[in-house]
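Asker: Below is one structure. I have some questions about it.
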Amino acid sequence: MRFIIIASRLFNNTNSFAFKVKQIHKIMNSGYEKDLVTALRDVVNGTNWYCAGPVSKLKKYTCNRFYADDGEDIVLIYSKRNDKFYALGAVCSHEGGPLEQGDIEDFDGREKIVCPWHSYDFDLETGDSSYGLKQDVYEVCIREDQVYIYTASEMSTKPFKKPIIPKDTAKNDKAVEEKNEDTGSLTYWASKILNTACPQQKVELTHKVGEMWRNGDLTVGVHHHPPDQPARDKDLTVVKPGKERKRGKGISLASRISNLHSMANIEQWAIDLSWDIIARFSSATPEGSDEALPRGFYDDFVQVACEEAKHYKLLSDRLQDLGSHFGALPVHGALWDSATKTSDSLLARLAVVHMVFEARGLDVQPKTLEKFAKNNDPESAAILEIIFREEITHVAAGLRWFTWVCNHSNPPMDCIPTFHKLVQQYYGSYLKPPFNTESRSMAGMTEEVRET
């Protein structure tokens with residue numbers, strides 16, 4: 001009778017599992033018989049089976065994620081080959097990737113789930129990875145056509161609401177720092193954006209400054225010395241070119257994420273390159289002339305910066321849609337190396353960054369687009385279509401202002417040989433096909449410019 005009374009009081013309530021365990025310890029320390037304590041333990045263990053749902057429903061999907069109140073989410077995996085359910089921790093033990101978005105692959109006769117972020121594999125039965133990591137494994141059983149997972153956590157098919165954390169009002173103090181700065185100049189904001197590490201803030205600030213410039217709220221201003229290297233988020237892993245992950249052919253989700261992540265990295269550098277040409281060369285003049293750059297130059301590169309920011313956000317949002325995020329993979333800074341090499345010459349910057357690297361992007365874009373179109377990812381393909389169209393205008397802007405500087409030099413420079421000379425000096429090699437001649441022609445690049 002005592003067992004029934006205690007058990008009913010203990011389990012006919014909404015208290016958490018942790019509370020129930022504490023109550024058992026309390027019972028043990030208060031002199032109850034050993035058999036009673038053992039029986040209560042059995043009752044607690046019996047309550048740890050979470051009913052995930054009907055077998056027929058859960059077999060429709062390879063992976064189903066279940067959310068835990070303590071953050072220990074579980075992915076329930078159905079193996080068609082073995083006609084069996086497995087349960088692992090849903091958060092990759094490497095860097096937190098969503099395993100329910102991963103592919104099930106065969107490794108020497110054993111089925112493993114492969115994380116979509118960094119391709120770490122985990123054995124469905126043991127949780128072991130060939131990289132030395134281990135994923136939590138949960139017991140699964142089927143009773144009366146229902147699938148049960150053994151877990152002490154409170155589970156749900158939807159994420160638990162997180163508590164609202166009050167905002168830190170101290171952040172408002174940042175406005176004081178700008179009080180005595182030249183906030184009415186475009187060059188001030190260009191340098192500020194270059195010194196902004198968070199990519200989301202960089203995007204927001206870019207659009208804000210673009211609007212201020214278009215509304216006539218800013219002047220070009222005095223020359224501001226931009227940083228030698230733009231700021232980057234401290235959590236971003238930057239490696240040498242060629243040391244980042246292989247992007248693959250876009251067949252698997254992991255490969256498509258890798259491709260999108262690489263493009264987002266390029267777009268973030270492109271934002272910085274647009275602002276750097278404004279900040280670094282605001283006092284530049286054509287050779288042999290004291291003529292300042294006209295407003296149209298700044299109009300074009302502010303527009304380019306805003307479009308690059310749009311491109312980054314489209315790719316970043318798409319990564320999140322696919323269960324990843326920007327920063328999940330290592331990136332390289334090869335594009336900024338070209339900025340460093342051309343930091344002493346506006347003509348060289350326009351030639352190498354905008355007429356070589358951005359034009360090369362036009363050459364590879366059709367094949368990249370094909371990767372996503374062929375692998376049933378129309379959402380990503382639509383984003384690439386937008387980027388591709390607008391990048392043509394960016395190449396055109398570089399060509400337009402390269403031509404302007406050449407024509408306004410004293411004496412005027414011949415554009416074609418000047419371009420060839422700068423490419424050899426700052427890029428170090430001839431341009432090699434294949435070329436996307438149609439897109440390059442739309443940007444105004446003639447065959448003479450291509451054939452260096």
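As shown in the structure tokens, the chain order sets the letters A, B, ...; within each chain, residues go from 1, and ligands are also counted from 1 in the order they appear.
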I need the residues in segment 57-266 of chain A that are strand (DSSP E or B) according to DSSP; give them as a PyMOL selection string.
Answerer: chain A and resi 63-68+74-79+84-89+91+98+103-107+110-114+121-123+128+134+137-138+140-143+146-150+155-156+185+219+238-239
Asker: Kindly save the residues from that selection, with N, CA and C atoms included, as a compact mmCIF listing (two decimals), in the first residue's frame.
Answerer:
# COMPACT_ATOMS: atom_id res chain seq x y z
N CYS A 63 14.86 10.16 -41.82
CA CYS A 63 15.25 10.78 -40.55
C CYS A 63 14.12 11.64 -39.99
N ASN A 64 13.87 11.51 -38.72
CA ASN A 64 12.92 12.35 -38.00
C ASN A 64 13.62 12.93 -36.77
N ARG A 65 13.56 14.24 -36.61
CA ARG A 65 14.19 14.86 -35.44
C ARG A 65 13.16 15.09 -34.35
N PHE A 66 13.55 14.77 -33.11
CA PHE A 66 12.72 15.01 -31.94
C PHE A 66 13.48 15.94 -31.00
N TYR A 67 12.80 16.95 -30.50
CA TYR A 67 13.44 18.00 -29.71
C TYR A 67 13.31 17.73 -28.21
N ALA A 68 14.40 17.99 -27.49
CA ALA A 68 14.43 17.74 -26.06
C ALA A 68 14.42 19.05 -25.29
N ILE A 74 17.19 14.28 -30.51
CA ILE A 74 17.44 12.92 -31.03
C ILE A 74 16.96 12.84 -32.47
N VAL A 75 17.75 12.16 -33.31
CA VAL A 75 17.32 11.87 -34.66
C VAL A 75 16.99 10.38 -34.74
N LEU A 76 15.75 10.08 -35.15
CA LEU A 76 15.31 8.70 -35.34
C LEU A 76 15.51 8.36 -36.81
N ILE A 77 16.27 7.31 -37.07
CA ILE A 77 16.66 6.95 -38.43
C ILE A 77 16.05 5.60 -38.81
N TYR A 78 15.42 5.56 -39.98
CA TYR A 78 14.87 4.30 -40.46
C TYR A 78 15.74 3.77 -41.59
N SER A 79 16.26 2.54 -41.41
CA SER A 79 17.06 1.88 -42.42
C SER A 79 16.17 0.95 -43.24
N LYS A 84 14.81 -1.40 -39.92
CA LYS A 84 15.06 -1.20 -38.50
C LYS A 84 15.23 0.28 -38.19
N PHE A 85 14.81 0.67 -36.96
CA PHE A 85 14.98 2.04 -36.51
C PHE A 85 16.22 2.16 -35.62
N TYR A 86 16.91 3.30 -35.75
CA TYR A 86 18.05 3.63 -34.90
C TYR A 86 17.85 5.05 -34.37
N ALA A 87 18.45 5.34 -33.23
CA ALA A 87 18.34 6.69 -32.66
C ALA A 87 19.71 7.17 -32.20
N LEU A 88 20.07 8.36 -32.67
CA LEU A 88 21.35 8.98 -32.29
C LEU A 88 21.09 10.42 -31.83
N GLY A 89 22.07 10.99 -31.15
CA GLY A 89 21.99 12.41 -30.85
C GLY A 89 21.91 13.19 -32.15
N VAL A 91 22.54 16.34 -32.79
CA VAL A 91 23.52 17.41 -32.97
C VAL A 91 24.91 16.79 -33.12
N PRO A 98 23.31 19.51 -38.08
CA PRO A 98 22.03 18.81 -37.93
C PRO A 98 22.07 17.45 -38.64
N ASP A 103 23.02 12.36 -45.11
CA ASP A 103 22.72 11.21 -45.97
C ASP A 103 23.13 9.92 -45.26
N ILE A 104 22.41 8.83 -45.54
CA ILE A 104 22.77 7.51 -45.04
C ILE A 104 23.61 6.83 -46.11
N GLU A 105 24.82 6.44 -45.76
CA GLU A 105 25.73 5.84 -46.73
C GLU A 105 26.29 4.53 -46.18
N ASP A 106 26.71 3.67 -47.11
CA ASP A 106 27.28 2.38 -46.75
C ASP A 106 28.81 2.49 -46.67
N PHE A 107 29.37 2.10 -45.53
CA PHE A 107 30.82 2.09 -45.33
C PHE A 107 31.24 0.64 -45.01
N ARG A 110 28.56 -1.36 -43.40
CA ARG A 110 27.88 -0.77 -42.23
C ARG A 110 27.26 0.55 -42.64
N GLU A 111 26.03 0.76 -42.20
CA GLU A 111 25.34 2.00 -42.53
C GLU A 111 25.73 3.09 -41.54
N LYS A 112 26.00 4.27 -42.11
CA LYS A 112 26.38 5.42 -41.29
C LYS A 112 25.64 6.65 -41.79
N ILE A 113 25.40 7.58 -40.87
CA ILE A 113 24.82 8.86 -41.26
C ILE A 113 25.96 9.86 -41.38
N VAL A 114 25.93 10.67 -42.44
CA VAL A 114 27.01 11.61 -42.74
C VAL A 114 26.52 13.03 -42.50
N ASP A 121 31.13 10.97 -40.34
CA ASP A 121 30.21 9.83 -40.40
C ASP A 121 30.04 9.20 -39.03
N PHE A 122 28.84 8.66 -38.77
CA PHE A 122 28.55 8.02 -37.49
C PHE A 122 27.78 6.73 -37.74
N ASP A 123 28.28 5.64 -37.15
CA ASP A 123 27.67 4.34 -37.28
C ASP A 123 26.28 4.34 -36.65
N ASP A 128 29.85 5.36 -33.44
CA ASP A 128 31.28 5.61 -33.67
C ASP A 128 31.50 6.26 -35.03
N LYS A 134 32.36 10.26 -31.36
CA LYS A 134 31.28 9.32 -31.02
C LYS A 134 30.00 10.08 -30.77
N VAL A 137 24.01 7.19 -28.53
CA VAL A 137 23.09 6.21 -29.12
C VAL A 137 21.96 5.94 -28.13
N TYR A 138 20.74 5.86 -28.63
CA TYR A 138 19.58 5.64 -27.77
C TYR A 138 18.89 4.33 -28.16
N VAL A 140 15.99 1.78 -28.96
CA VAL A 140 14.71 1.90 -29.65
C VAL A 140 13.97 0.57 -29.56
N CYS A 141 12.68 0.62 -29.31
CA CYS A 141 11.87 -0.60 -29.33
C CYS A 141 10.52 -0.31 -29.96
N ILE A 142 9.85 -1.37 -30.39
CA ILE A 142 8.53 -1.24 -31.00
C ILE A 142 7.53 -2.06 -30.18
N ARG A 143 6.48 -1.41 -29.75
CA ARG A 143 5.42 -2.06 -28.97
C ARG A 143 4.08 -1.64 -29.55
N GLN A 146 3.94 0.95 -32.23
CA GLN A 146 4.43 2.28 -31.88
C GLN A 146 5.94 2.20 -31.65
N VAL A 147 6.65 3.23 -32.09
CA VAL A 147 8.11 3.29 -31.91
C VAL A 147 8.41 4.07 -30.64
N TYR A 148 9.25 3.50 -29.77
CA TYR A 148 9.62 4.13 -28.51
C TYR A 148 11.14 4.36 -28.47
N ILE A 149 11.54 5.51 -27.93
CA ILE A 149 12.95 5.85 -27.74
C ILE A 149 13.21 5.99 -26.25
N TYR A 150 14.30 5.37 -25.78
CA TYR A 150 14.60 5.43 -24.35
C TYR A 150 15.42 6.68 -24.05
N MET A 155 10.49 15.12 -24.49
CA MET A 155 10.65 15.24 -25.92
C MET A 155 9.41 15.84 -26.59
N SER A 156 9.64 16.39 -27.79
CA SER A 156 8.55 16.97 -28.57
C SER A 156 8.92 16.94 -30.05
N SER A 185 30.38 61.46 -44.11
CA SER A 185 31.16 61.15 -45.30
C SER A 185 31.06 59.68 -45.68
N THR A 219 28.52 63.09 -48.22
CA THR A 219 29.48 63.56 -49.21
C THR A 219 30.58 62.50 -49.31
N VAL A 238 39.72 30.50 -41.16
CA VAL A 238 40.30 30.90 -42.44
C VAL A 238 41.55 30.05 -42.69
N VAL A 239 41.59 29.39 -43.84
CA VAL A 239 42.72 28.52 -44.20
C VAL A 239 43.36 29.03 -45.48
Asker: Between atom CA of Pro417 of chain A and atom CA of Pro434 of chain A, what is the spacing in Å?
Answerer: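 Distance reported for this atom pair: 21.6 Å.
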Asker: Neighbours of Leu369 of chain A within 12 Å (only C-alpha atoms; same-chain residues fewer than 6 positions away dropped), as a PDB file with N, CA, C and O atoms, in the first residue's frame?
Answerer:
ATOM      1  N   LYS A 249      30.348  17.738 -56.612  1.00  0.00           N
ATOM      2  CA  LYS A 249      29.530  17.989 -57.801  1.00  0.00           C
ATOM      3  C   LYS A 249      28.095  18.396 -57.474  1.00  0.00           C
ATOM      4  O   LYS A 249      27.259  18.498 -58.362  1.00  0.00           O
ATOM      5  N   GLY A 250      27.799  18.614 -56.208  1.00  0.00           N
ATOM      6  CA  GLY A 250      26.461  19.061 -55.840  1.00  0.00           C
ATOM      7  C   GLY A 250      25.423  17.968 -55.801  1.00  0.00           C
ATOM      8  O   GLY A 250      24.228  18.237 -55.718  1.00  0.00           O
ATOM      9  N   ARG A 256      26.220  20.387 -51.877  1.00  0.00           N
ATOM     10  CA  ARG A 256      25.554  21.646 -52.236  1.00  0.00           C
ATOM     11  C   ARG A 256      25.791  22.703 -51.173  1.00  0.00           C
ATOM     12  O   ARG A 256      26.008  23.875 -51.483  1.00  0.00           O
ATOM     13  N   ASN A 259      29.276  24.069 -51.667  1.00  0.00           N
ATOM     14  CA  ASN A 259      29.326  25.007 -52.791  1.00  0.00           C
ATOM     15  C   ASN A 259      28.732  26.366 -52.413  1.00  0.00           C
ATOM     16  O   ASN A 259      29.304  27.415 -52.717  1.00  0.00           O
ATOM     17  N   LEU A 260      27.577  26.353 -51.767  1.00  0.00           N
ATOM     18  CA  LEU A 260      26.926  27.605 -51.366  1.00  0.00           C
ATOM     19  C   LEU A 260      27.766  28.363 -50.337  1.00  0.00           C
ATOM     20  O   LEU A 260      27.847  29.593 -50.363  1.00  0.00           O
ATOM     21  N   MET A 263      30.561  30.165 -52.061  1.00  0.00           N
ATOM     22  CA  MET A 263      30.081  31.361 -52.754  1.00  0.00           C
ATOM     23  C   MET A 263      29.755  32.483 -51.775  1.00  0.00           C
ATOM     24  O   MET A 263      30.013  33.662 -52.052  1.00  0.00           O
ATOM     25  N   GLY A 361      34.306  34.835 -62.700  1.00  0.00           N
ATOM     26  CA  GLY A 361      33.075  34.338 -62.093  1.00  0.00           C
ATOM     27  C   GLY A 361      31.978  34.128 -63.116  1.00  0.00           C
ATOM     28  O   GLY A 361      31.179  33.191 -63.002  1.00  0.00           O
ATOM     29  N   LEU A 362      31.930  34.989 -64.117  1.00  0.00           N
ATOM     30  CA  LEU A 362      30.952  34.807 -65.198  1.00  0.00           C
ATOM     31  C   LEU A 362      31.243  33.529 -65.984  1.00  0.00           C
ATOM     32  O   LEU A 362      30.327  32.858 -66.462  1.00  0.00           O
ATOM     33  N   ASP A 363      32.528  33.190 -66.112  1.00  0.00           N
ATOM     34  CA  ASP A 363      32.913  32.001 -66.880  1.00  0.00           C
ATOM     35  C   ASP A 363      32.458  30.709 -66.197  1.00  0.00           C
ATOM     36  O   ASP A 363      32.052  29.761 -66.864  1.00  0.00           O
ATOM     37  N   ASN A 375      20.458  18.617 -59.786  1.00  0.00           N
ATOM     38  CA  ASN A 375      20.285  17.862 -58.550  1.00  0.00           C
ATOM     39  C   ASN A 375      19.065  18.306 -57.746  1.00  0.00           C
ATOM     40  O   ASN A 375      19.042  18.256 -56.514  1.00  0.00           O
ATOM     41  N   ASN A 376      18.050  18.778 -58.483  1.00  0.00           N
ATOM     42  CA  ASN A 376      16.734  19.051 -57.905  1.00  0.00           C
ATOM     43  C   ASN A 376      16.791  20.054 -56.751  1.00  0.00           C
ATOM     44  O   ASN A 376      16.232  19.831 -55.688  1.00  0.00           O
ATOM     45  N   ASP A 377      17.514  21.166 -56.985  1.00  0.00           N
ATOM     46  CA  ASP A 377      17.573  22.233 -55.987  1.00  0.00           C
ATOM     47  C   ASP A 377      17.227  23.554 -56.685  1.00  0.00           C
ATOM     48  O   ASP A 377      18.082  24.421 -56.871  1.00  0.00           O
ATOM     49  N   PRO A 378      15.961  23.709 -57.105  1.00  0.00           N
ATOM     50  CA  PRO A 378      15.583  24.914 -57.845  1.00  0.00           C
ATOM     51  C   PRO A 378      15.694  26.194 -57.027  1.00  0.00           C
ATOM     52  O   PRO A 378      15.907  27.270 -57.580  1.00  0.00           O
ATOM     53  N   GLU A 379      15.552  26.097 -55.693  1.00  0.00           N
ATOM     54  CA  GLU A 379      15.644  27.289 -54.850  1.00  0.00           C
ATOM     55  C   GLU A 379      17.049  27.892 -54.921  1.00  0.00           C
ATOM     56  O   GLU A 379      17.214  29.108 -55.085  1.00  0.00           O
ATOM     57  N   SER A 380      18.063  27.022 -54.800  1.00  0.00           N
ATOM     58  CA  SER A 380      19.441  27.515 -54.898  1.00  0.00           C
ATOM     59  C   SER A 380      19.737  28.008 -56.310  1.00  0.00           C
ATOM     60  O   SER A 380      20.415  29.029 -56.489  1.00  0.00           O
ATOM     61  N   ALA A 381      19.236  27.293 -57.304  1.00  0.00           N
ATOM     62  CA  ALA A 381      19.467  27.687 -58.691  1.00  0.00           C
ATOM     63  C   ALA A 381      18.893  29.075 -58.974  1.00  0.00           C
ATOM     64  O   ALA A 381      19.506  29.886 -59.683  1.00  0.00           O
ATOM     65  N   ALA A 382      17.732  29.379 -58.400  1.00  0.00           N
ATOM     66  CA  ALA A 382      17.110  30.692 -58.602  1.00  0.00           C
ATOM     67  C   ALA A 382      17.975  31.802 -58.011  1.00  0.00           C
ATOM     68  O   ALA A 382      18.089  32.899 -58.587  1.00  0.00           O
ATOM     69  N   ILE A 383      18.592  31.532 -56.867  1.00  0.00           N
ATOM     70  CA  ILE A 383      19.487  32.513 -56.240  1.00  0.00           C
ATOM     71  C   ILE A 383      20.703  32.762 -57.138  1.00  0.00           C
ATOM     72  O   ILE A 383      21.118  33.912 -57.344  1.00  0.00           O
ATOM     73  N   LEU A 384      21.254  31.707 -57.698  1.00  0.00           N
ATOM     74  CA  LEU A 384      22.421  31.836 -58.555  1.00  0.00           C
ATOM     75  C   LEU A 384      22.090  32.608 -59.829  1.00  0.00           C
ATOM     76  O   LEU A 384      22.937  33.333 -60.361  1.00  0.00           O
ATOM     77  N   GLU A 385      20.870  32.466 -60.314  1.00  0.00           N
ATOM     78  CA  GLU A 385      20.442  33.222 -61.490  1.00  0.00           C
ATOM     79  C   GLU A 385      20.478  34.724 -61.199  1.00  0.00           C
ATOM     80  O   GLU A 385      20.937  35.524 -62.019  1.00  0.00           O
ATOM     81  N   ILE A 386      19.993  35.112 -60.015  1.00  0.00           N
ATOM     82  CA  ILE A 386      19.996  36.528 -59.614  1.00  0.00           C
ATOM     83  C   ILE A 386      21.431  37.040 -59.535  1.00  0.00           C
ATOM     84  O   ILE A 386      21.766  38.108 -60.072  1.00  0.00           O
ATOM     85  N   ILE A 387      22.285  36.279 -58.868  1.00  0.00           N
ATOM     86  CA  ILE A 387      23.680  36.685 -58.701  1.00  0.00           C
ATOM     87  C   ILE A 387      24.357  36.822 -60.058  1.00  0.00           C
ATOM     88  O   ILE A 387      25.072  37.804 -60.320  1.00  0.00           O
ATOM     89  N   PHE A 388      24.132  35.851 -60.928  1.00  0.00           N
ATOM     90  CA  PHE A 388      24.771  35.830 -62.235  1.00  0.00           C
ATOM     91  C   PHE A 388      24.416  37.082 -63.044  1.00  0.00           C
ATOM     92  O   PHE A 388      25.297  37.735 -63.627  1.00  0.00           O
TER      93      PHE A 388
END
Asker: From the list A:Arg440, A:His207, A:Lys432, A:Arg360, which residue is nearest Ala396 of chain A when using only C-alpha atoms?
Answerer: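 Nearest candidate to Ala396 of chain A out of A:Arg440, A:His207, A:Lys432, A:Arg360: A:Arg440.
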Asker: For atom CA of Glu287 of chain A and atom CA of Ser409 of chain A, determine how far apart the two atoms are, in Å to one decimal place.
Answerer: 4.8 Å
Asker: I'd like to know which residues of segment 345-435 of chain A are helix (DSSP H, G or I) (by DSSP, run on the backbone); could you write them as a PyMOL selection string?
Answerer: chain A and resi 346-374+378-407+415-427
Asker: When you draw a straight line from atom CA of Leu346 of chain A to atom CA of Gly398 of chain A, how long is it in Å?
Answerer: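 Spanning atom CA of Leu346 of chain A to atom CA of Gly398 of chain A is a straight-line distance of 10.5 Å.
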Asker: Residues at most 8 Å from segment 190-204 of chain A, counting only C-alpha atoms, excluding those fewer than 4 positions away in the same chain, as a compact mmCIF listing (two decimals) with all heavy atoms, in the first residue's frame?
Answerer:
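What follows is the written file part02.txt:
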# COMPACT_ATOMS: atom_id res chain seq x y z
N LEU A 186 31.07 59.43 -46.97
CA LEU A 186 30.99 58.07 -47.49
C LEU A 186 32.25 57.29 -47.12
O LEU A 186 32.17 56.09 -46.80
CB LEU A 186 30.82 58.11 -49.01
CG LEU A 186 30.69 56.77 -49.72
CD1 LEU A 186 29.42 56.05 -49.29
CD2 LEU A 186 30.69 56.97 -51.24
N LYS A 208 22.26 50.36 -45.23
CA LYS A 208 21.97 51.64 -44.58
C LYS A 208 22.77 52.76 -45.24
O LYS A 208 22.23 53.83 -45.57
CB LYS A 208 22.32 51.55 -43.09
CG LYS A 208 22.25 52.88 -42.36
CD LYS A 208 22.77 52.75 -40.93
CE LYS A 208 22.88 54.11 -40.25
NZ LYS A 208 23.47 54.00 -38.89
N HIS A 224 39.92 58.36 -45.84
CA HIS A 224 40.05 57.55 -44.63
C HIS A 224 40.94 56.35 -44.93
O HIS A 224 40.76 55.71 -45.97
CB HIS A 224 38.69 57.06 -44.13
CG HIS A 224 37.97 58.06 -43.28
ND1 HIS A 224 37.30 59.15 -43.81
CD2 HIS A 224 37.82 58.16 -41.94
CE1 HIS A 224 36.76 59.86 -42.84
NE2 HIS A 224 37.06 59.29 -41.69
N HIS A 225 41.87 56.08 -44.05
CA HIS A 225 42.76 54.95 -44.29
C HIS A 225 42.04 53.65 -43.93
O HIS A 225 41.76 53.40 -42.76
CB HIS A 225 44.03 55.10 -43.45
CG HIS A 225 44.88 56.25 -43.88
ND1 HIS A 225 45.67 56.20 -45.01
CD2 HIS A 225 45.04 57.49 -43.35
CE1 HIS A 225 46.30 57.35 -45.16
NE2 HIS A 225 45.94 58.15 -44.17
N PRO A 226 41.74 52.83 -44.90
CA PRO A 226 41.07 51.56 -44.62
C PRO A 226 42.04 50.57 -44.00
O PRO A 226 43.27 50.74 -44.13
CB PRO A 226 40.60 51.09 -46.00
CG PRO A 226 41.60 51.68 -46.93
CD PRO A 226 42.00 53.00 -46.35
N PRO A 227 41.54 49.53 -43.35
CA PRO A 227 42.44 48.52 -42.75
C PRO A 227 43.15 47.72 -43.84
O PRO A 227 42.65 47.59 -44.96
CB PRO A 227 41.48 47.64 -41.94
CG PRO A 227 40.16 47.77 -42.64
CD PRO A 227 40.12 49.19 -43.13
N PRO A 230 40.23 43.37 -43.91
CA PRO A 230 38.91 43.56 -43.30
C PRO A 230 38.74 42.67 -42.07
O PRO A 230 39.32 41.59 -41.99
CB PRO A 230 37.93 43.15 -44.42
CG PRO A 230 38.72 43.23 -45.68
CD PRO A 230 40.13 42.89 -45.31
N ALA A 231 37.93 43.14 -41.14
CA ALA A 231 37.66 42.36 -39.93
C ALA A 231 36.82 41.13 -40.28
O ALA A 231 36.00 41.16 -41.19
CB ALA A 231 36.93 43.22 -38.91
N ARG A 232 37.06 40.04 -39.56
CA ARG A 232 36.31 38.81 -39.75
C ARG A 232 35.86 38.27 -38.40
O ARG A 232 36.53 38.46 -37.38
CB ARG A 232 37.16 37.75 -40.46
CG ARG A 232 37.29 37.96 -41.97
CD ARG A 232 35.93 37.81 -42.63
NE ARG A 232 35.96 38.05 -44.07
CZ ARG A 232 35.69 39.21 -44.65
NH1 ARG A 232 35.42 40.27 -43.89
NH2 ARG A 232 35.68 39.34 -45.95
N ASP A 233 34.71 37.59 -38.42
CA ASP A 233 34.16 36.99 -37.20
C ASP A 233 35.19 36.05 -36.58
O ASP A 233 35.83 35.27 -37.28
CB ASP A 233 32.88 36.23 -37.54
CG ASP A 233 32.07 35.88 -36.31
OD1 ASP A 233 32.57 35.09 -35.49
OD2 ASP A 233 30.95 36.39 -36.18
N LYS A 234 35.36 36.14 -35.26
CA LYS A 234 36.39 35.34 -34.57
C LYS A 234 36.14 33.84 -34.70
O LYS A 234 37.07 33.04 -34.56
CB LYS A 234 36.46 35.73 -33.09
CG LYS A 234 35.18 35.51 -32.30
CD LYS A 234 35.33 35.95 -30.87
CE LYS A 234 34.04 35.78 -30.07
NZ LYS A 234 33.58 34.38 -30.03
N GLN A 268 31.12 37.83 -49.35
CA GLN A 268 31.51 38.68 -48.22
C GLN A 268 32.78 39.46 -48.58
O GLN A 268 32.89 40.65 -48.29
CB GLN A 268 31.73 37.87 -46.94
CG GLN A 268 32.04 38.79 -45.76
CD GLN A 268 32.25 38.06 -44.45
OE1 GLN A 268 32.13 38.67 -43.39
NE2 GLN A 268 32.57 36.80 -44.48
N ASP A 272 33.51 43.78 -49.14
CA ASP A 272 34.67 44.53 -48.65
C ASP A 272 35.46 45.17 -49.78
O ASP A 272 35.95 46.29 -49.66
CB ASP A 272 35.57 43.62 -47.82
CG ASP A 272 34.96 43.26 -46.48
OD1 ASP A 272 34.32 44.13 -45.87
OD2 ASP A 272 35.11 42.11 -46.04
N TRP A 275 33.79 48.40 -50.87
CA TRP A 275 34.00 49.52 -49.96
C TRP A 275 35.46 49.94 -49.91
O TRP A 275 35.78 51.12 -49.72
CB TRP A 275 33.50 49.17 -48.56
CG TRP A 275 32.01 49.09 -48.46
CD1 TRP A 275 31.25 48.01 -48.15
CD2 TRP A 275 31.09 50.16 -48.71
NE1 TRP A 275 29.92 48.33 -48.18
CE2 TRP A 275 29.79 49.65 -48.52
CE3 TRP A 275 31.23 51.50 -49.07
CZ2 TRP A 275 28.64 50.42 -48.68
CZ3 TRP A 275 30.09 52.28 -49.24
CH2 TRP A 275 28.82 51.74 -49.06
N ASP A 276 36.36 48.98 -50.11
CA ASP A 276 37.78 49.32 -50.06
C ASP A 276 38.18 50.21 -51.24
O ASP A 276 38.98 51.14 -51.06
CB ASP A 276 38.62 48.04 -50.09
CG ASP A 276 40.10 48.32 -49.86
OD1 ASP A 276 40.49 48.53 -48.70
OD2 ASP A 276 40.86 48.34 -50.85
N ILE A 278 36.41 52.41 -52.61
CA ILE A 278 35.89 53.74 -52.28
C ILE A 278 36.78 54.41 -51.24
O ILE A 278 37.19 55.57 -51.41
CB ILE A 278 34.44 53.64 -51.77
CG1 ILE A 278 33.50 53.28 -52.93
CG2 ILE A 278 34.00 54.94 -51.11
CD1 ILE A 278 32.08 52.95 -52.51
N ALA A 279 37.09 53.70 -50.17
CA ALA A 279 37.88 54.29 -49.08
C ALA A 279 39.33 54.51 -49.49
O ALA A 279 39.93 55.55 -49.18
CB ALA A 279 37.81 53.40 -47.85
N CYS A 306 26.06 47.14 -52.37
CA CYS A 306 24.72 46.77 -51.91
C CYS A 306 24.26 45.46 -52.56
O CYS A 306 23.62 44.62 -51.90
CB CYS A 306 23.72 47.88 -52.21
SG CYS A 306 23.97 49.37 -51.20
N ALA A 309 26.10 42.61 -50.97
CA ALA A 309 25.50 42.34 -49.66
C ALA A 309 24.22 41.54 -49.81
O ALA A 309 23.93 40.62 -49.03
CB ALA A 309 25.22 43.66 -48.94
N LYS A 310 23.42 41.89 -50.84
CA LYS A 310 22.20 41.12 -51.12
C LYS A 310 22.54 39.68 -51.46
O LYS A 310 21.90 38.74 -50.98
CB LYS A 310 21.43 41.77 -52.26
CG LYS A 310 20.13 41.04 -52.62
CD LYS A 310 19.37 41.74 -53.72
CE LYS A 310 19.94 41.45 -55.08
NZ LYS A 310 19.10 41.99 -56.17
N TYR A 312 25.20 37.96 -50.58
CA TYR A 312 25.65 37.24 -49.39
C TYR A 312 24.44 36.79 -48.56
O TYR A 312 24.37 35.64 -48.11
CB TYR A 312 26.56 38.10 -48.52
CG TYR A 312 26.82 37.45 -47.18
CD1 TYR A 312 27.82 36.50 -47.04
CD2 TYR A 312 26.01 37.73 -46.08
CE1 TYR A 312 28.02 35.85 -45.83
CE2 TYR A 312 26.21 37.09 -44.87
CZ TYR A 312 27.22 36.15 -44.75
OH TYR A 312 27.38 35.49 -43.55
N LYS A 313 23.48 37.70 -48.37
CA LYS A 313 22.33 37.35 -47.53
C LYS A 313 21.49 36.25 -48.16
O LYS A 313 21.00 35.36 -47.45
CB LYS A 313 21.46 38.58 -47.27
CG LYS A 313 20.35 38.31 -46.24
CD LYS A 313 19.69 39.55 -45.76
CE LYS A 313 18.78 39.26 -44.57
NZ LYS A 313 17.85 38.15 -44.80
